[in-house]
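A.B. asks: Questions regarding the structure given below will be posed in turn.
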Amino acid sequence: MSDFDPVRIGLVSVSDRASSGVYEDKGLPALREWLQRALKNPLAFVERLIPDEQATISATLVELVDVERCDLVLTTGGTGPAPRDVTPEATLAVADKVMPGFGEQMRQISLRFVPTAILSRQVAVIRGRALIVNLPGQPKSIAETLEGLPKAEPPVHGIFAAVPYCIDLIGGPYLETHDEVCKAFRPKSAVRAPRAAG
């Protein structure tokens, strides 16, 4: 019996070529590996590898939230300006609320590395009691945007530091992080006391 709330996380890699077997998908393993390092909670992953089809992406997000009951859904891929990049449109189509700060911060982090970060269109939304976040397509960029740049001067916050409190506010499980990977931030009034062993 774990002292931490179980969490269901949907992982979606959006790629025409990877989903058709042209090359190996690297997005899902990168997401899974980072989350296993960052979170103390028992994690159940529901993974999907799908093509860049807007209706398919929207249907997959609805399934992961409404049917699979995921608390958090992370997508990777399909957020650029190319004609087949439709992940943000598909995500916004199933949203109850838009959370623009996530996309703004991801672009700020990526701009530290490449000027083309302004071409990224990642969005984050609330659907029901789940948070859905579009992440970049490259594994290195996924880790950078989630963790931030703690050694930079001044340090740059990653987006995942705000995810646990966001999920608190929408009625989801209490996510607890390994601080050396990503320290979750909550107001003092929202911090849960450690559970007694036993």
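Identifiers in this document derive from the order of the structure tokens: chains are assigned A, B, ..., residues are numbered from 1 separately in each chain, and ligands are numbered from 1 in order of occurrence.
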DSSP on the backbone: which residues in stretch 56-162 of chain A end up as helix (DSSP H, G or I)? Give the answer as a PyMOL selection string.
C.D. replies: chain A and resi 56-67+87-92+100-111+115-119+139-147+159-162
A.B. asks: Generate a file of the selected residues that holds N, CA and C atoms, formatted as a compact mmCIF listing (two decimals), in the first residue's frame.
C.D. replies:
# COMPACT_ATOMS: atom_id res chain seq x y z
N THR A 56 -8.89 12.33 -35.07
CA THR A 56 -8.34 11.21 -34.29
C THR A 56 -7.71 11.70 -32.99
N ILE A 57 -6.98 12.81 -33.07
CA ILE A 57 -6.35 13.35 -31.86
C ILE A 57 -7.43 13.76 -30.85
N SER A 58 -8.44 14.49 -31.31
CA SER A 58 -9.51 14.90 -30.40
C SER A 58 -10.21 13.70 -29.78
N ALA A 59 -10.52 12.70 -30.60
CA ALA A 59 -11.20 11.50 -30.09
C ALA A 59 -10.34 10.77 -29.07
N THR A 60 -9.04 10.73 -29.31
CA THR A 60 -8.12 10.07 -28.38
C THR A 60 -8.08 10.80 -27.04
N LEU A 61 -8.04 12.13 -27.08
CA LEU A 61 -8.03 12.91 -25.83
C LEU A 61 -9.33 12.71 -25.05
N VAL A 62 -10.45 12.70 -25.75
CA VAL A 62 -11.75 12.47 -25.09
C VAL A 62 -11.77 11.09 -24.45
N GLU A 63 -11.28 10.07 -25.18
CA GLU A 63 -11.25 8.71 -24.65
C GLU A 63 -10.39 8.63 -23.39
N LEU A 64 -9.20 9.25 -23.42
CA LEU A 64 -8.29 9.16 -22.27
C LEU A 64 -8.87 9.84 -21.04
N VAL A 65 -9.59 10.94 -21.23
CA VAL A 65 -10.15 11.66 -20.08
C VAL A 65 -11.49 11.06 -19.65
N ASP A 66 -12.41 10.89 -20.59
CA ASP A 66 -13.78 10.52 -20.25
C ASP A 66 -13.96 9.02 -19.99
N VAL A 67 -13.21 8.19 -20.71
CA VAL A 67 -13.37 6.74 -20.58
C VAL A 67 -12.28 6.13 -19.70
N THR A 87 -2.20 19.30 -33.62
CA THR A 87 -2.44 18.90 -32.23
C THR A 87 -3.08 20.03 -31.40
N PRO A 88 -2.63 21.29 -31.51
CA PRO A 88 -3.27 22.34 -30.70
C PRO A 88 -4.75 22.52 -31.05
N GLU A 89 -5.08 22.48 -32.34
CA GLU A 89 -6.49 22.63 -32.73
C GLU A 89 -7.34 21.49 -32.17
N ALA A 90 -6.79 20.26 -32.24
CA ALA A 90 -7.52 19.10 -31.73
C ALA A 90 -7.70 19.18 -30.21
N THR A 91 -6.70 19.74 -29.53
CA THR A 91 -6.76 19.87 -28.07
C THR A 91 -7.77 20.95 -27.66
N LEU A 92 -7.71 22.09 -28.32
CA LEU A 92 -8.65 23.17 -28.00
C LEU A 92 -10.09 22.76 -28.26
N PRO A 100 -3.36 29.22 -20.80
CA PRO A 100 -2.32 29.72 -21.71
C PRO A 100 -0.93 29.82 -21.11
N GLY A 101 -0.81 29.89 -19.80
CA GLY A 101 0.51 30.04 -19.18
C GLY A 101 1.46 28.90 -19.50
N PHE A 102 0.94 27.69 -19.68
CA PHE A 102 1.82 26.55 -19.98
C PHE A 102 2.54 26.74 -21.30
N GLY A 103 1.79 27.09 -22.34
CA GLY A 103 2.41 27.30 -23.65
C GLY A 103 3.37 28.47 -23.64
N GLU A 104 3.00 29.54 -22.95
CA GLU A 104 3.87 30.71 -22.87
C GLU A 104 5.21 30.34 -22.24
N GLN A 105 5.16 29.57 -21.15
CA GLN A 105 6.40 29.22 -20.46
C GLN A 105 7.24 28.23 -21.27
N MET A 106 6.60 27.30 -21.95
CA MET A 106 7.36 26.35 -22.78
C MET A 106 8.14 27.10 -23.86
N ARG A 107 7.50 28.08 -24.48
CA ARG A 107 8.19 28.85 -25.51
C ARG A 107 9.32 29.68 -24.92
N GLN A 108 9.13 30.22 -23.73
CA GLN A 108 10.20 30.98 -23.07
C GLN A 108 11.42 30.09 -22.83
N ILE A 109 11.18 28.86 -22.37
CA ILE A 109 12.30 27.94 -22.12
C ILE A 109 13.00 27.60 -23.43
N SER A 110 12.23 27.24 -24.44
CA SER A 110 12.83 26.81 -25.71
C SER A 110 13.57 27.95 -26.42
N LEU A 111 13.12 29.20 -26.20
CA LEU A 111 13.79 30.34 -26.81
C LEU A 111 15.22 30.52 -26.29
N PRO A 115 15.88 30.18 -31.84
CA PRO A 115 14.94 31.25 -32.16
C PRO A 115 13.64 30.74 -32.77
N THR A 116 13.68 29.52 -33.31
CA THR A 116 12.46 28.96 -33.92
C THR A 116 11.45 28.48 -32.88
N ALA A 117 11.76 28.62 -31.58
CA ALA A 117 10.78 28.26 -30.55
C ALA A 117 9.49 29.06 -30.69
N ILE A 118 9.57 30.23 -31.29
CA ILE A 118 8.34 31.02 -31.45
C ILE A 118 7.40 30.40 -32.46
N LEU A 119 7.85 29.39 -33.20
CA LEU A 119 6.97 28.69 -34.14
C LEU A 119 6.17 27.59 -33.46
N PRO A 139 12.64 14.56 -27.58
CA PRO A 139 12.83 14.14 -26.17
C PRO A 139 13.62 15.14 -25.33
N LYS A 140 14.69 15.73 -25.90
CA LYS A 140 15.49 16.71 -25.14
C LYS A 140 14.62 17.92 -24.77
N SER A 141 13.81 18.39 -25.71
CA SER A 141 12.94 19.54 -25.44
C SER A 141 11.84 19.20 -24.45
N ILE A 142 11.36 17.96 -24.48
CA ILE A 142 10.35 17.53 -23.51
C ILE A 142 10.89 17.70 -22.10
N ALA A 143 12.10 17.17 -21.85
CA ALA A 143 12.69 17.25 -20.51
C ALA A 143 12.95 18.70 -20.12
N GLU A 144 13.45 19.51 -21.05
CA GLU A 144 13.75 20.91 -20.74
C GLU A 144 12.50 21.68 -20.35
N THR A 145 11.41 21.48 -21.09
CA THR A 145 10.20 22.25 -20.79
C THR A 145 9.54 21.76 -19.50
N LEU A 146 9.63 20.47 -19.21
CA LEU A 146 9.04 19.96 -17.97
C LEU A 146 9.86 20.38 -16.75
N GLU A 147 11.18 20.27 -16.84
CA GLU A 147 12.05 20.54 -15.69
C GLU A 147 12.43 22.00 -15.55
N ILE A 159 7.48 23.80 -16.57
CA ILE A 159 6.01 23.83 -16.42
C ILE A 159 5.51 22.81 -15.42
N PHE A 160 6.27 21.71 -15.19
CA PHE A 160 5.70 20.66 -14.34
C PHE A 160 5.60 21.08 -12.88
N ALA A 161 6.39 22.08 -12.48
CA ALA A 161 6.30 22.56 -11.09
C ALA A 161 4.89 23.02 -10.74
N ALA A 162 4.12 23.47 -11.74
CA ALA A 162 2.76 23.96 -11.50
C ALA A 162 1.69 22.90 -11.71
A.B. asks: Contacts of stretch 19-21 of chain A at 12 Å or less, counting only C-alpha atoms, minus same-chain residues fewer than 2 places along, as an mmCIF file with N, CA, C and O atoms, in the first residue's frame?
C.D. replies:
data_model
loop_
_atom_site.group_PDB
_atom_site.id
_atom_site.type_symbol
_atom_site.label_atom_id
_atom_site.label_comp_id
_atom_site.auth_asym_id
_atom_site.auth_seq_id
_atom_site.Cartn_x
_atom_site.Cartn_y
_atom_site.Cartn_z
ATOM 1 N N VAL A 12 0.299 10.573 -25.321
ATOM 2 C CA VAL A 12 -0.093 10.519 -26.725
ATOM 3 C C VAL A 12 1.050 11.042 -27.584
ATOM 4 O O VAL A 12 1.473 12.194 -27.430
ATOM 5 N N SER A 13 1.554 10.204 -28.475
ATOM 6 C CA SER A 13 2.553 10.650 -29.450
ATOM 7 C C SER A 13 1.848 10.801 -30.794
ATOM 8 O O SER A 13 1.229 9.850 -31.286
ATOM 9 N N VAL A 14 1.925 12.006 -31.342
ATOM 10 C CA VAL A 14 1.241 12.321 -32.595
ATOM 11 C C VAL A 14 2.280 12.398 -33.707
ATOM 12 O O VAL A 14 3.107 13.307 -33.730
ATOM 13 N N SER A 15 2.238 11.430 -34.617
ATOM 14 C CA SER A 15 3.235 11.382 -35.697
ATOM 15 C C SER A 15 2.740 10.486 -36.811
ATOM 16 O O SER A 15 2.498 9.295 -36.582
ATOM 17 N N ASP A 16 2.604 11.037 -38.006
ATOM 18 C CA ASP A 16 2.234 10.229 -39.166
ATOM 19 C C ASP A 16 3.237 9.105 -39.381
ATOM 20 O O ASP A 16 2.877 7.943 -39.558
ATOM 21 N N ARG A 17 4.519 9.466 -39.366
ATOM 22 C CA ARG A 17 5.547 8.494 -39.744
ATOM 23 C C ARG A 17 5.775 7.439 -38.669
ATOM 24 O O ARG A 17 5.901 6.249 -38.973
ATOM 25 N N TYR A 23 9.502 5.112 -38.714
ATOM 26 C CA TYR A 23 10.596 5.127 -37.753
ATOM 27 C C TYR A 23 10.028 4.905 -36.351
ATOM 28 O O TYR A 23 8.818 4.990 -36.131
ATOM 29 N N GLU A 24 10.940 4.594 -35.437
ATOM 30 C CA GLU A 24 10.543 4.271 -34.065
ATOM 31 C C GLU A 24 10.107 5.528 -33.320
ATOM 32 O O GLU A 24 10.766 6.568 -33.404
ATOM 33 N N ASP A 25 9.009 5.420 -32.604
ATOM 34 C CA ASP A 25 8.545 6.554 -31.797
ATOM 35 C C ASP A 25 9.459 6.741 -30.600
ATOM 36 O O ASP A 25 9.764 5.787 -29.886
ATOM 37 N N LYS A 26 9.915 7.990 -30.397
ATOM 38 C CA LYS A 26 10.749 8.285 -29.227
ATOM 39 C C LYS A 26 10.003 9.107 -28.182
ATOM 40 O O LYS A 26 10.471 9.285 -27.068
ATOM 41 N N GLY A 27 8.820 9.632 -28.558
ATOM 42 C CA GLY A 27 8.083 10.500 -27.650
ATOM 43 C C GLY A 27 7.531 9.780 -26.433
ATOM 44 O O GLY A 27 7.697 10.243 -25.290
ATOM 45 N N LEU A 28 6.872 8.641 -26.651
ATOM 46 C CA LEU A 28 6.263 7.923 -25.522
ATOM 47 C C LEU A 28 7.308 7.449 -24.515
ATOM 48 O O LEU A 28 7.138 7.677 -23.314
ATOM 49 N N ARG A 48 -0.929 6.027 -26.382
ATOM 50 C CA ARG A 48 -1.476 5.983 -27.741
ATOM 51 C C ARG A 48 -0.447 6.579 -28.709
ATOM 52 O O ARG A 48 0.112 7.651 -28.436
ATOM 53 N N LEU A 49 -0.235 5.921 -29.834
ATOM 54 C CA LEU A 49 0.605 6.410 -30.923
ATOM 55 C C LEU A 49 -0.304 6.570 -32.133
ATOM 56 O O LEU A 49 -0.833 5.581 -32.650
ATOM 57 N N ILE A 50 -0.531 7.811 -32.566
ATOM 58 C CA ILE A 50 -1.553 8.084 -33.567
ATOM 59 C C ILE A 50 -1.030 9.042 -34.647
ATOM 60 O O ILE A 50 -0.069 9.773 -34.414
ATOM 61 N N PRO A 51 -1.676 9.051 -35.829
ATOM 62 C CA PRO A 51 -1.255 9.966 -36.894
ATOM 63 C C PRO A 51 -1.731 11.392 -36.653
ATOM 64 O O PRO A 51 -2.571 11.656 -35.777
ATOM 65 N N ASP A 52 -1.205 12.310 -37.462
ATOM 66 C CA ASP A 52 -1.565 13.730 -37.374
ATOM 67 C C ASP A 52 -2.936 13.983 -38.023
ATOM 68 O O ASP A 52 -3.030 14.644 -39.051
ATOM 69 N N GLU A 53 -3.970 13.434 -37.430
ATOM 70 C CA GLU A 53 -5.343 13.637 -37.915
ATOM 71 C C GLU A 53 -6.126 14.313 -36.810
ATOM 72 O O GLU A 53 -6.255 13.768 -35.714
ATOM 73 N N GLY A 77 4.358 16.163 -30.152
ATOM 74 C CA GLY A 77 4.308 16.199 -31.601
ATOM 75 C C GLY A 77 3.126 16.981 -32.155
ATOM 76 O O GLY A 77 2.103 17.171 -31.483
#
A.B. asks: Could you check which of A:Gly80, A:Gly158, A:Gln138, A:Ile170 is closest to A:Arg121, using only C-alpha atoms?
C.D. replies: A:Gly80
A.B. asks: Can you work out the spacing between atom CA of A:Phe45 and atom CA of A:Val7 in Å, to one decimal?
C.D. replies: 8.6 Å
A.B. asks: Report, in Å with one decimal, the straight-line distance from atom CA of A:Asp3 to atom CA of A:Arg129.
C.D. replies: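 Distance between the two atoms: 22.1 Å.
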A.B. asks: Identify all residues of stretch 103-169 of chain A in strand (DSSP E) (DSSP on the backbone) and supply them as JSON, numbers by chain.
C.D. replies: {"A": [124, 125, 126, 127, 130, 131, 132, 133, 134, 135, 148, 149, 156, 157]}
A.B. asks: With distances taken over only C-alpha atoms, which residue among A:Ala152, A:Ala93, A:Ala193, A:Leu31 lies nearest A:Gly137?
C.D. replies: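 Closest residue, counting only C-alpha atoms: A:Leu31.
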A.B. asks: Point out the residue among A:Ala124, A:Ile9, A:Leu175, A:Val46 with the least atom-to-atom distance to A:Val94, counting only C-alpha atoms.
C.D. replies: A:Ala124
A.B. asks: Residues near A:Arg127, anyone? I mean within 7 Å using only C-alpha atoms, not counting same-chain ones fewer than 6 positions away, as a PDB file with C-alpha atoms, in the first residue's frame.
C.D. replies:
ATOM      1  CA  VAL A  94     -12.164  19.277 -26.477  1.00  0.00           C
ATOM      2  CA  ALA A  95     -11.349  21.937 -23.850  1.00  0.00           C
ATOM      3  CA  ASP A  96     -13.527  23.208 -21.021  1.00  0.00           C
ATOM      4  CA  LYS A  97     -10.890  25.824 -20.107  1.00  0.00           C
TER       5      LYS A  97
END
A.B. asks: For each of A:Arg37, A:Pro164, A:His178, A:Pro81, take the minimum atom-to-atom distance to A:Arg192, counting only C-alpha atoms, then give the residue where this is smallest.
C.D. replies: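 Closest candidate: A:Pro164.
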